[in-house]
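J.: There's a structure below that I have some questions on.
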Amino acid sequence: MKTHIFAFLIVLSLISGITAAVSSTGFTVLLDDTSYFLPPAPVATIPVPLELALTFSSGPFVPLTVVSTTTKGFNSADVSSMTAEYLKSDDVFQEGFQEALYIQYTGNQTLNAPEISSGNFSNIVLTNAVPGSPAPLPPGPYFVNTVGQIYEAWRLYSDTNGAFTESVIANPAGEFYVLPAGIVGQNLALAVPSRLYFTPTEEKPLAGVRIGIKDIYDIKGLRTSNGNRAWYWLYPPANTTATPVQKLIDAGAVIVGKMVTSQFANGERATADWVDYHEAFNPRGDGYQDTQTSSSGGGAATGAYPWLDVSLGSDTGGSVRGPAQAQGIYGNRPSHGILSLEHTMPLSPVLDTPGLLARDPLIWATTAKAMYGTNLTLSTAYPKSILTSTWPTSVDTVANTLLIDFLANVTAFLSANTTAYNVSATWISDNPSSAPLETLLNITYPILISQQQIPLVRDPFYTDFAAAHSGRRPFVDPVSLVRWAWGEDSSATVEEAVANKTAFMTWFNTTVLVPDA
């Protein structure tokens, strides 16, 4: 018996009227064991000469290096010098991109391929302009497809320390979406563009600076979790970007992802307090030290990843300073009110501030200037007086020895005077009719963070979740629940706490934080 097989192709849309939209979300490729993400939109299109077309037999993309020159005598030695510098300064570029060379010659003479055909490049493409592009492409690594479309190369890194909640990327219009890529590593993949694409300017001082954002700040097009899974899925993607994040974007920063935070920015300790999400892993020591919170992801990632430059955290009661200390990096709490915090989850509006974490103090300073603007004052003068509070004086432990040596080194470097200072005793001496600090400030902070967050975060969250889930309450980690319950049961008020905070702040600013004469 013969078996006949017939195949029919039926265009169902012609019958049912159904249409479907298919769009590219980008491409993931492997170049010499290194993973790259290619954004979906090409940045330019070039003619594909025959010798380059023949190299596509092994795949749809060929790695390409772009260089620019106005020099008539441009040759292989110049190319070698340029690519050596690329390898030194850029973590995205690698030798594999030397399979093809794209020369953007903007001079007014003729440059011939034989002049530069020797060297490490097997294919040379010459041009006097980039078709369809108003300006030459930035130098660096790219990929080109069979029809001559050129794509940027974004290197993929694994979030090995579990510091990010979501990896993101922006389209040419500046709209953010979740990165559709993954690599080996049991964690998210983060994509970073070549540093060679960017040149900082006065208008864009952060051009190419890679920054992670604590997941309490809204970014248009992305969901915010505030460290709570129910919150993430209850609310739609944000339609506005938080002010501190927008300042960074406007200055040219590259936002690579949203970062782990303890739930609702409350202080949590690993790992008992963390339920919805796991605390990030501290890169120091054996890798299992507490990162400190609530800017856990920012501290861990900035300390662990050389490919990340800065992280944006928040500091209400130490949430940047703690992770900075635990990871051995730079972090700051600015003056309160230095920058507005619209579209940012509040813990205590009278204490909340946006702070930055960085390994390099110069990168920190550049980022701080861009974000805080004219509200920031930076000084190059060193203080001449150091006040120590509860600082060790005996070398009876290894830790105390390190602290004493550190203080001695700083004092010598600054040519400063060091004085032991008792904050509580000085307060009583200056304010004999006031309660001791231990009494005055005992519950000031917990009252502010609980009683201010309840109406601003908890109550609307409970109401919205109940409306969407038949009256149920969302799951909330233990620390937030305990703090909210304590705040509700306390007879102390926000007004009293603010008055106590203000009294201490005024005294401290005029007594302790007095500028050198």
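To be explicit about the labels: the chains of the structure tokens are called A, B, and onward in the order shown, and within each one the residues are counted from 1, while ligands get numbers from 1 in the order they are shown.
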With a distance cut-off of 10 Å and only C-alpha atoms, select the neighbouring residues of region 430-438 of chain A, excluding the residue or stretch itself and same-chain residues fewer than 3 positions from it, and output the selection as a list in words.
T.: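 The residues that qualify are Val423, Ser424, Ala425, Thr426, Trp427, Leu441, Asn442, Ile443, Asn500, Phe504, Trp507 and Thr511 of chain A.
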J.: Since we have the selection now, will you write its residues out, keeping N, CA and C atoms, as a compact mmCIF listing (two decimals), in the first residue's frame?
T.:
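Produced file part_20.txt, reproduced below:
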# COMPACT_ATOMS: atom_id res chain seq x y z
N VAL A 423 28.33 62.52 73.45
CA VAL A 423 27.17 63.25 72.95
C VAL A 423 26.13 63.44 74.05
N SER A 424 25.85 62.37 74.79
CA SER A 424 24.81 62.45 75.82
C SER A 424 25.17 63.44 76.93
N ALA A 425 26.42 63.41 77.38
CA ALA A 425 26.84 64.31 78.45
C ALA A 425 26.82 65.76 78.00
N THR A 426 27.24 65.99 76.74
CA THR A 426 27.24 67.36 76.22
C THR A 426 25.82 67.89 76.07
N TRP A 427 24.91 67.03 75.64
CA TRP A 427 23.50 67.42 75.53
C TRP A 427 22.95 67.89 76.87
N LEU A 441 15.08 60.55 72.58
CA LEU A 441 15.10 59.93 71.26
C LEU A 441 14.80 58.44 71.29
N ASN A 442 14.43 57.92 72.41
CA ASN A 442 14.27 56.47 72.58
C ASN A 442 13.35 55.86 71.54
N ILE A 443 12.18 56.46 71.36
CA ILE A 443 11.21 55.90 70.40
C ILE A 443 10.91 56.86 69.25
N ASN A 500 10.82 66.22 68.92
CA ASN A 500 12.06 65.71 69.53
C ASN A 500 13.20 65.66 68.52
N PHE A 504 16.77 67.95 68.69
CA PHE A 504 18.11 67.37 68.65
C PHE A 504 18.87 67.82 67.41
N TRP A 507 20.21 71.38 67.78
CA TRP A 507 21.37 71.41 68.71
C TRP A 507 22.61 70.80 68.05
N THR A 511 26.13 72.72 67.34
CA THR A 511 27.11 72.41 68.37
C THR A 511 28.21 71.49 67.87
J.: Gln186 (chain A): which residues within 9 Å, counting only C-alpha atoms, same-chain residues fewer than 5 positions away excluded, as a VMD selection string?
T.: chain A and resid 158 to 160
J.: Keeping C-alpha atoms for every residue in the selection just given, could you write it to a file as an mmCIF file, in the first residue's frame?
T.:
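So again-v6.cif came out as:
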data_model
loop_
_atom_site.group_PDB
_atom_site.id
_atom_site.type_symbol
_atom_site.label_atom_id
_atom_site.label_comp_id
_atom_site.auth_asym_id
_atom_site.auth_seq_id
_atom_site.Cartn_x
_atom_site.Cartn_y
_atom_site.Cartn_z
ATOM 1 C CA SER A 158 25.161 37.138 35.752
ATOM 2 C CA ASP A 159 23.855 38.652 38.976
ATOM 3 C CA THR A 160 25.864 36.128 41.001
#
J.: Where in region 5-226 of chain A does DSSP assign strand (DSSP E), given as a ChimeraX atom specification?
T.: /A:27-31,34-38,44-45,61-69,100-105,123-127,140-145,149-152,154-158,164-170,176-178,189-193,210-214
J.: Could you tell me, as an mmCIF file with N, CA and C atoms, in the first residue's frame, which residues of region 49-276 of chain A DSSP assigns to helix (DSSP H, G or I) when given the backbone?
T.:
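Result file is part-v2.cif:
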data_model
loop_
_atom_site.group_PDB
_atom_site.id
_atom_site.type_symbol
_atom_site.label_atom_id
_atom_site.label_comp_id
_atom_site.auth_asym_id
_atom_site.auth_seq_id
_atom_site.Cartn_x
_atom_site.Cartn_y
_atom_site.Cartn_z
ATOM 1 N N LEU A 50 31.028 41.613 -0.872
ATOM 2 C CA LEU A 50 31.019 40.162 -1.068
ATOM 3 C C LEU A 50 31.886 39.440 -0.037
ATOM 4 N N GLU A 51 33.095 39.962 0.234
ATOM 5 C CA GLU A 51 33.989 39.255 1.155
ATOM 6 C C GLU A 51 33.413 39.177 2.558
ATOM 7 N N LEU A 52 32.605 40.182 2.940
ATOM 8 C CA LEU A 52 31.956 40.130 4.250
ATOM 9 C C LEU A 52 30.748 39.212 4.209
ATOM 10 N N ALA A 53 30.013 39.230 3.115
ATOM 11 C CA ALA A 53 28.821 38.376 2.988
ATOM 12 C C ALA A 53 29.177 36.905 3.110
ATOM 13 N N LEU A 54 30.364 36.520 2.641
ATOM 14 C CA LEU A 54 30.763 35.116 2.674
ATOM 15 C C LEU A 54 31.019 34.602 4.087
ATOM 16 N N THR A 55 31.154 35.504 5.059
ATOM 17 C CA THR A 55 31.450 35.075 6.439
ATOM 18 C C THR A 55 30.196 34.715 7.224
ATOM 19 N N PHE A 56 29.002 34.911 6.641
ATOM 20 C CA PHE A 56 27.767 34.667 7.380
ATOM 21 C C PHE A 56 27.336 33.206 7.371
ATOM 22 N N SER A 57 28.146 32.331 6.826
ATOM 23 C CA SER A 57 27.748 30.926 6.750
ATOM 24 C C SER A 57 27.590 30.293 8.130
ATOM 25 N N SER A 58 28.277 30.833 9.139
ATOM 26 C CA SER A 58 28.224 30.234 10.476
ATOM 27 C C SER A 58 27.146 30.841 11.362
ATOM 28 N N SER A 76 47.254 49.905 9.395
ATOM 29 C CA SER A 76 47.043 48.810 10.350
ATOM 30 C C SER A 76 47.652 49.119 11.707
ATOM 31 N N ALA A 77 48.743 49.892 11.743
ATOM 32 C CA ALA A 77 49.355 50.255 13.023
ATOM 33 C C ALA A 77 48.403 51.133 13.830
ATOM 34 N N ASP A 78 47.715 52.035 13.145
ATOM 35 C CA ASP A 78 46.734 52.879 13.833
ATOM 36 C C ASP A 78 45.577 52.039 14.370
ATOM 37 N N VAL A 79 45.122 51.081 13.565
ATOM 38 C CA VAL A 79 44.036 50.200 14.003
ATOM 39 C C VAL A 79 44.465 49.397 15.226
ATOM 40 N N SER A 80 45.666 48.859 15.187
ATOM 41 C CA SER A 80 46.170 48.061 16.317
ATOM 42 C C SER A 80 46.255 48.893 17.587
ATOM 43 N N SER A 81 46.691 50.133 17.433
ATOM 44 C CA SER A 81 46.782 51.021 18.591
ATOM 45 C C SER A 81 45.405 51.307 19.176
ATOM 46 N N MET A 82 44.435 51.555 18.285
ATOM 47 C CA MET A 82 43.072 51.833 18.742
ATOM 48 C C MET A 82 42.463 50.633 19.459
ATOM 49 N N THR A 83 42.563 49.464 18.842
ATOM 50 C CA THR A 83 41.935 48.282 19.442
ATOM 51 C C THR A 83 42.625 47.869 20.738
ATOM 52 N N ALA A 84 43.923 48.129 20.860
ATOM 53 C CA ALA A 84 44.615 47.850 22.121
ATOM 54 C C ALA A 84 44.055 48.724 23.234
ATOM 55 N N GLU A 85 43.753 49.962 22.897
ATOM 56 C CA GLU A 85 43.157 50.867 23.877
ATOM 57 C C GLU A 85 41.727 50.440 24.198
ATOM 58 N N TYR A 86 40.997 49.967 23.192
ATOM 59 C CA TYR A 86 39.642 49.466 23.432
ATOM 60 C C TYR A 86 39.667 48.305 24.430
ATOM 61 N N LEU A 87 40.588 47.376 24.223
ATOM 62 C CA LEU A 87 40.689 46.218 25.109
ATOM 63 C C LEU A 87 41.016 46.632 26.537
ATOM 64 N N LYS A 88 41.774 47.689 26.677
ATOM 65 C CA LYS A 88 42.202 48.142 27.996
ATOM 66 C C LYS A 88 41.092 48.887 28.745
ATOM 67 N N SER A 89 40.296 49.641 27.997
ATOM 68 C CA SER A 89 39.342 50.552 28.640
ATOM 69 C C SER A 89 37.899 50.060 28.656
ATOM 70 N N GLU A 95 38.750 40.589 21.516
ATOM 71 C CA GLU A 95 39.439 40.355 20.247
ATOM 72 C C GLU A 95 38.526 39.761 19.177
ATOM 73 N N GLY A 96 37.475 39.068 19.583
ATOM 74 C CA GLY A 96 36.560 38.478 18.608
ATOM 75 C C GLY A 96 35.905 39.495 17.698
ATOM 76 N N PHE A 97 35.820 40.745 18.149
ATOM 77 C CA PHE A 97 35.196 41.775 17.311
ATOM 78 C C PHE A 97 36.103 42.216 16.165
ATOM 79 N N GLN A 98 37.312 41.685 16.122
ATOM 80 C CA GLN A 98 38.226 42.044 15.051
ATOM 81 C C GLN A 98 38.031 41.193 13.788
ATOM 82 N N GLU A 99 36.921 40.468 13.736
ATOM 83 C CA GLU A 99 36.638 39.700 12.518
ATOM 84 C C GLU A 99 36.357 40.622 11.342
ATOM 85 N N ALA A 113 41.539 50.451 0.748
ATOM 86 C CA ALA A 113 41.547 49.277 1.607
ATOM 87 C C ALA A 113 42.917 48.633 1.742
ATOM 88 N N PRO A 114 43.722 48.527 0.675
ATOM 89 C CA PRO A 114 45.032 47.887 0.824
ATOM 90 C C PRO A 114 45.922 48.547 1.877
ATOM 91 N N GLU A 115 45.659 49.831 2.171
ATOM 92 C CA GLU A 115 46.499 50.518 3.141
ATOM 93 C C GLU A 115 46.287 49.978 4.556
ATOM 94 N N ARG A 195 31.475 50.913 26.889
ATOM 95 C CA ARG A 195 31.831 52.243 27.389
ATOM 96 C C ARG A 195 32.325 53.136 26.246
ATOM 97 N N LEU A 196 32.727 52.522 25.135
ATOM 98 C CA LEU A 196 33.247 53.285 24.008
ATOM 99 C C LEU A 196 32.160 54.070 23.283
ATOM 100 N N TYR A 197 30.893 53.721 23.519
ATOM 101 C CA TYR A 197 29.799 54.419 22.854
ATOM 102 C C TYR A 197 29.584 55.835 23.404
ATOM 103 N N ARG A 229 6.180 40.844 47.026
ATOM 104 C CA ARG A 229 5.703 40.192 45.803
ATOM 105 C C ARG A 229 4.270 40.581 45.476
ATOM 106 N N ALA A 230 3.426 40.688 46.491
ATOM 107 C CA ALA A 230 2.028 41.047 46.244
ATOM 108 C C ALA A 230 1.924 42.452 45.664
ATOM 109 N N TRP A 231 2.739 43.362 46.164
ATOM 110 C CA TRP A 231 2.724 44.737 45.650
ATOM 111 C C TRP A 231 3.124 44.746 44.176
ATOM 112 N N TYR A 232 4.162 43.972 43.837
ATOM 113 C CA TYR A 232 4.660 43.941 42.461
ATOM 114 C C TYR A 232 3.555 43.567 41.480
ATOM 115 N N TRP A 233 2.751 42.560 41.819
ATOM 116 C CA TRP A 233 1.733 42.081 40.883
ATOM 117 C C TRP A 233 0.409 42.829 41.001
ATOM 118 N N LEU A 234 0.202 43.540 42.106
ATOM 119 C CA LEU A 234 -1.065 44.252 42.285
ATOM 120 C C LEU A 234 -1.144 45.507 41.415
ATOM 121 N N THR A 243 11.866 61.294 40.754
ATOM 122 C CA THR A 243 12.738 62.444 40.492
ATOM 123 C C THR A 243 14.228 62.104 40.537
ATOM 124 N N PRO A 244 14.742 61.402 41.568
ATOM 125 C CA PRO A 244 16.183 61.105 41.577
ATOM 126 C C PRO A 244 16.623 60.269 40.371
ATOM 127 N N VAL A 245 15.794 59.308 39.977
ATOM 128 C CA VAL A 245 16.133 58.465 38.822
ATOM 129 C C VAL A 245 16.127 59.292 37.542
ATOM 130 N N GLN A 246 15.136 60.162 37.395
ATOM 131 C CA GLN A 246 15.055 60.986 36.196
ATOM 132 C C GLN A 246 16.249 61.917 36.087
ATOM 133 N N LYS A 247 16.726 62.427 37.213
ATOM 134 C CA LYS A 247 17.926 63.276 37.207
ATOM 135 C C LYS A 247 19.117 62.506 36.647
ATOM 136 N N LEU A 248 19.256 61.253 37.047
ATOM 137 C CA LEU A 248 20.360 60.419 36.567
ATOM 138 C C LEU A 248 20.222 60.126 35.075
ATOM 139 N N ILE A 249 19.009 59.805 34.645
ATOM 140 C CA ILE A 249 18.769 59.525 33.219
ATOM 141 C C ILE A 249 19.061 60.762 32.384
ATOM 142 N N ASP A 250 18.586 61.917 32.830
ATOM 143 C CA ASP A 250 18.798 63.156 32.090
ATOM 144 C C ASP A 250 20.284 63.481 31.954
ATOM 145 N N GLN A 263 11.904 44.607 52.802
ATOM 146 C CA GLN A 263 10.515 44.918 52.500
ATOM 147 C C GLN A 263 10.074 46.266 53.070
ATOM 148 N N PHE A 264 9.528 47.086 52.189
ATOM 149 C CA PHE A 264 9.057 48.432 52.509
ATOM 150 C C PHE A 264 10.137 49.270 53.185
ATOM 151 N N ALA A 265 11.404 48.951 52.837
ATOM 152 C CA ALA A 265 12.584 49.684 53.325
ATOM 153 C C ALA A 265 12.757 49.587 54.836
#
J.: Near region 142-147 of chain A, within 10 Å and counting only C-alpha atoms, which residues show up once chain neighbours fewer than 2 positions away are dropped, as a ChimeraX atom specification?
T.: /A:29,36,38,42-48,52-57,59-66,92-93,97,100-102,139-140,149-154,194
J.: Show which residues sit within 7 Å of region 204-208 of chain A, as a list in words. Count only C-alpha atoms, and ignore same-chain residues fewer than 5 positions away.
T.: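 Result of the neighbour search: Arg195, Phe198, Thr199, Ala251, Gly252, Ala253, Val254 and Thr367 of chain A.
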J.: Between CA of Pro446 (chain A) and CA of Lys501 (chain A), what is the spacing in Å?
T.: 11.8 Å
J.: Looking at only C-alpha atoms, which of A:Pro49, A:Gly303, A:Gly267, A:Pro361 is the one that sits closest to Gly148 (chain A)?
T.: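 Using only C-alpha atoms, Gly148 (chain A) sits closest to A:Pro49.
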J.: Measuring atom to atom with only C-alpha atoms, identify which of A:Asn332, A:Thr393, A:Asn228, A:Ser480 is nearest to Trp364 (chain A).
T.: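 Closest residue, counting only C-alpha atoms: A:Asn332.
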